[in-house]
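Undergrad: Dropping the structure in here first, questions after.
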Amino acid sequence: MVPHKSPGMDGFPAAFYQLDSHTFGAILAIVLRYQFERGELLGLQRRSAITLLFKGGDRANPGNFRPISLIPVEVKALSRVLCYRLRDIIPQLIHPIQTGFVAGRRIHDHVIFLRDLQHKCTVDDEEAYDRVNWD
């Protein structure tokens, strides 16, 4: 994790946990395993702080701001662990037609398929009748 990214509402950035990653890693593993077994995160871990980042341009235009959610670092770590563990079984859980937000699948494939299908459906049949044997 990037050490000096914005922390969550608890105020602890990744750099704090990286000071002694072995100790904090072991503690986080125990806490997260316990929470996983209970099926519930702590209240602070279920909250995020939403803030607006200025993208540039006119500050009076709300469209020039991008909202981000600041979540606790331990929740980011848990998300990474879950993502890593789920990556091998995701193809079995999600239908092959679903392409968005799945590693190794591209939504562009569907766009190309639909464009080709549209082209086949709109083929110009003007000269097709000249090729039909009417006898």
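Letters A, B, ... go to the chains of the structure tokens in the order shown; residues in each chain start at 1; ligands are counted from 1 in the same order.
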Residues within 8 Å of segment 6-12 of chain A, please, as number ranges by chain. Count only C-alpha atoms; anything in the same chain fewer than 3 positions from it doesn't count.
TA: A: 15-17, 44, 47-49, 70-73
Undergrad: Only C-alpha atoms, please: the residues just picked out, written as a PDB file, in the first residue's frame.
TA:
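Done, and the output landed in result_29.pdb:
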ATOM      1  CA  ALA A  15       2.723   4.372   6.865  1.00  0.00           C
ATOM      2  CA  PHE A  16       1.674   3.833  10.494  1.00  0.00           C
ATOM      3  CA  TYR A  17       1.053   0.139   9.908  1.00  0.00           C
ATOM      4  CA  LEU A  44     -15.765   2.742  12.401  1.00  0.00           C
ATOM      5  CA  ARG A  47     -17.969   4.249   7.741  1.00  0.00           C
ATOM      6  CA  SER A  48     -16.162   6.382   5.233  1.00  0.00           C
ATOM      7  CA  ALA A  49     -15.493  10.070   4.931  1.00  0.00           C
ATOM      8  CA  LEU A  70     -11.711   7.721   2.585  1.00  0.00           C
ATOM      9  CA  ILE A  71     -11.889   4.291   4.212  1.00  0.00           C
ATOM     10  CA  PRO A  72      -9.712   2.893   7.016  1.00  0.00           C
ATOM     11  CA  VAL A  73      -6.443   1.268   5.946  1.00  0.00           C
TER      12      VAL A  73
END
Undergrad: Find the residues around Arg66 of chain A up to 12 Å (only C-alpha atoms counted), leave out those fewer than 6 positions away in its own chain, and share them as an NGL selection string.
TA: :A and (50-56 or 59)
Undergrad: Go through chain A and collect every residue that DSSP, computed from the backbone, puts in strand (DSSP E); the answer should be as a VMD selection string.
TA: chain A and resid 49 to 54 65 to 70
Undergrad: Applying 12 Å and only C-alpha atoms, which residues near Thr99 of chain A remain after dropping the ones on its own chain fewer than 3 positions away? List them as number ranges by chain.
TA: A: 90-91, 94-96, 102-111
